[in-house]
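Peer 1: Quick one: structure below, then a few questions.
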Amino acid sequence: MPVIAVYSVKGGVGKTTLAVDLAWRCAQIGSFPTLLWDLDQQGGAGFLLGAPPRKTARAMSLFHRDSRPRDLIEQTRFGKLHLLQADESLRAMPVQLARIGAKSRLSQLLAFLRADYRRIVLDCPPMLNEVSDQIIAAADIILLPLPPSPLASRALEQVRTELVRHRRSHPPILPVLSMYDQRRKLHREVHDGAAKGWPVIPQSSHVEQMASRREPLPAYANWSDASRAMGRLWSAVEMKLLEQGRT
Ligand SMILES: Nc1ncnc2c1ncn2[C@@H]1O[C@H](COP(=O)(O)OP(=O)(O)OP(=O)(O)O)[C@@H](O)[C@H]1O
Ligand SMILES: [Mg+2]
């Protein structure tokens, strides 16, 4: 079943926020058994879902040859949403995955997990390395959050070029204009110009509160503009998967 990667080379652009929200919507609104897999050692996805951190750093053990992924998956407070938490052991991932014999480990693990889930959402670290290469090879769609800047479309082209350079083909990319503030002229220009037609997520204090409340936005501010925008983004992702015949 489809794998949705929320990816960008840049840090702090809203990847984890979107990944958590999207996974929540797949599970709670779509009623799909959904796995949110946090591949970033910072462990932001588990934090935002209010998951208690693991006592031992075991996330990297998943990539060992005899691992049993199901043993590490946790139930969340949110129905059909399951979580694979990150921890600092993932720091070793680029080196370990680059080893001969581990070239398609992420794809292998995902092939195994696809049988259990209707949707798998990957929260990716902001890197371009062996890890991102494997993520791109395994994903069915890439969600790319880009903050409003005259450089947004250039950034999208750079990512495309980089992806093509690394691999001859890559999954479809859905660019998302993140942290949009319509009071700012520059943001409006990007919105109506280079980013025309992209899904838009407004800058919102409700979104920021996810980190203090440690629950997804719809759980406390479903009525907000930001939550509605994220709902539209989820629909756009589902539409894209449908077009690809990947539902
Ligand atoms: N739409 C938004 N409105 C306001 N704040 C936002 C919005 N989206 C994200 N943020 C805030 O921006 C910060 C970075 O967001 P987030 O952690 O999702 O980015 P990231 O791309 O995953 O970062 P990293 O690359 O470090 O993993 C967080 O404090 C988050 O609350
Ligand atoms: Mg993140």
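Chain labels run A, B, ... following the order of the structure tokens; each chain numbers its residues from 1, and ligands are numbered from 1 in the order shown.
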I need the residues of range 65-163 of chain A that end up classed as strand (DSSP E) by DSSP on the backbone, written out as a ChimeraX atom specification.
Peer 2: /A:74-75,81-84,119-123,141-146
Peer 1: Using 9 Å as the limit and counting only C-alpha atoms and all ligand atoms, can you tabulate each residue of chain A that touches ligand 2, with its shortest atom-to-atom distance in Å and the two atoms involved, as a tab-separated table?
Peer 2:
residue	atom	partner	partner_atom_place_in_ligand_line	distance
A:Tyr7	CA	ligand 2	1 (Mg)	9.0
A:Gly11	CA	ligand 2	1 (Mg)	7.0
A:Gly12	CA	ligand 2	1 (Mg)	6.6
A:Val13	CA	ligand 2	1 (Mg)	8.0
A:Gly14	CA	ligand 2	1 (Mg)	6.8
A:Lys15	CA	ligand 2	1 (Mg)	5.2
A:Thr16	CA	ligand 2	1 (Mg)	4.1
A:Thr17	CA	ligand 2	1 (Mg)	7.3
A:Ala19	CA	ligand 2	1 (Mg)	8.6
A:Asp38	CA	ligand 2	1 (Mg)	8.7
A:Asp40	CA	ligand 2	1 (Mg)	6.7
A:Gln42	CA	ligand 2	1 (Mg)	7.3
A:Gly43	CA	ligand 2	1 (Mg)	7.9
A:Gly44	CA	ligand 2	1 (Mg)	5.9
A:Ala45	CA	ligand 2	1 (Mg)	7.3
A:Asp123	CA	ligand 2	1 (Mg)	6.6
A:Cys124	CA	ligand 2	1 (Mg)	6.7
A:Pro125	CA	ligand 2	1 (Mg)	6.2
A:Pro126	CA	ligand 2	1 (Mg)	7.4
Peer 1: Calculated over only C-alpha atoms and all ligand atoms, which of the candidates A:Phe32, A:Trp37, A:Tyr180, A:Phe112 has the smallest distance to ligand 1?
Peer 2: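 So, comparing all the options, the nearest one is A:Tyr180.
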Peer 1: By how many Å are CA of Ile29 in chain A and CA of Gly46 in chain A apart?
Peer 2: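 Going from CA of Ile29 in chain A over to CA of Gly46 in chain A covers 19.8 Å.
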Peer 1: Please determine, counting only C-alpha atoms and all ligand atoms, which residue among A:Arg99, A:Lys240, A:His206, A:Arg68 has the shortest atom-to-atom distance to ligand 1.
Peer 2: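 Among the listed residues, A:His206 lies closest to ligand 1.
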Peer 1: Name the residues in contact with Ala111 in chain A at a cut-off of 9 Å, using only C-alpha atoms, excluding same-chain residues fewer than 4 positions from it; report them as a PDB file with N, CA and C atoms, in the first residue's frame.
Peer 2:
ATOM      1  N   MET A   1       0.843  -1.201   0.000  1.00  0.00           N
ATOM      2  CA  MET A   1       0.000   0.000   0.000  1.00  0.00           C
ATOM      3  C   MET A   1       0.882   1.257   0.000  1.00  0.00           C
ATOM      4  N   LEU A 106      15.639  -0.204   3.143  1.00  0.00           N
ATOM      5  CA  LEU A 106      14.408   0.527   3.446  1.00  0.00           C
ATOM      6  C   LEU A 106      13.261   0.000   2.580  1.00  0.00           C
ATOM      7  N   SER A 107      13.524  -0.209   1.297  1.00  0.00           N
ATOM      8  CA  SER A 107      12.493  -0.749   0.401  1.00  0.00           C
ATOM      9  C   SER A 107      12.030  -2.132   0.864  1.00  0.00           C
ATOM     10  N   ALA A 115       2.122  -4.742   3.666  1.00  0.00           N
ATOM     11  CA  ALA A 115       1.072  -5.750   3.804  1.00  0.00           C
ATOM     12  C   ALA A 115       0.148  -5.440   4.985  1.00  0.00           C
ATOM     13  N   ALA A 138      11.909   4.237  -2.503  1.00  0.00           N
ATOM     14  CA  ALA A 138      10.818   3.433  -1.936  1.00  0.00           C
ATOM     15  C   ALA A 138       9.464   4.138  -1.961  1.00  0.00           C
TER      16      ALA A 138
END
Peer 1: Using Å and a single decimal, report how far CA of Arg160 in chain A sits from CA of Glu208 in chain A.
Peer 2: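 For CA of Glu208 in chain A relative to CA of Arg160 in chain A, the distance reads 29.1 Å.
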Peer 1: Find the spatial neighbours of Ala139 in chain A, counting only C-alpha atoms, within a cut-off of 9 Å - ignore same-chain residues fewer than 2 positions away - and output them as a PDB file with C-alpha atoms, in the first residue's frame.
Peer 2:
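File written: part_9.pdb
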ATOM      1  CA  PRO A   2       1.238   3.508  -0.766  1.00  0.00           C
ATOM      2  CA  VAL A   3       4.221   5.099   0.917  1.00  0.00           C
ATOM      3  CA  ILE A   4       4.059   8.893   1.271  1.00  0.00           C
ATOM      4  CA  ALA A   5       7.389  10.596   2.050  1.00  0.00           C
ATOM      5  CA  SER A 107      12.493  -0.749   0.401  1.00  0.00           C
ATOM      6  CA  LEU A 122       7.604   8.758   6.290  1.00  0.00           C
ATOM      7  CA  GLN A 134      16.566   4.985  -0.315  1.00  0.00           C
ATOM      8  CA  ILE A 135      13.507   7.012   0.706  1.00  0.00           C
ATOM      9  CA  ILE A 136      13.103   8.305  -2.854  1.00  0.00           C
ATOM     10  CA  ALA A 137      13.496   4.806  -4.254  1.00  0.00           C
ATOM     11  CA  ILE A 141       4.750  10.117  -3.687  1.00  0.00           C
ATOM     12  CA  ILE A 142       6.948  12.864  -2.233  1.00  0.00           C
ATOM     13  CA  HIS A 170      11.625   9.355  -9.021  1.00  0.00           C
ATOM     14  CA  PRO A 171       8.054   9.314  -7.715  1.00  0.00           C
TER      15      PRO A 171
END
Peer 1: Enumerate as a PyMOL selection string all residues of range 22-105 of chain A assigned to alpha helix (DSSP H) by DSSP on the backbone, naming them with the chain letters and numbers the document uses.
Peer 2: chain A and resi 22-28+44-48+69-72+93-98+105
Peer 1: Give me, please, the distance in Å between CA of Leu177 in chain A and CA of Leu241 in chain A, quoted to one decimal.
Peer 2: 19.5 Å
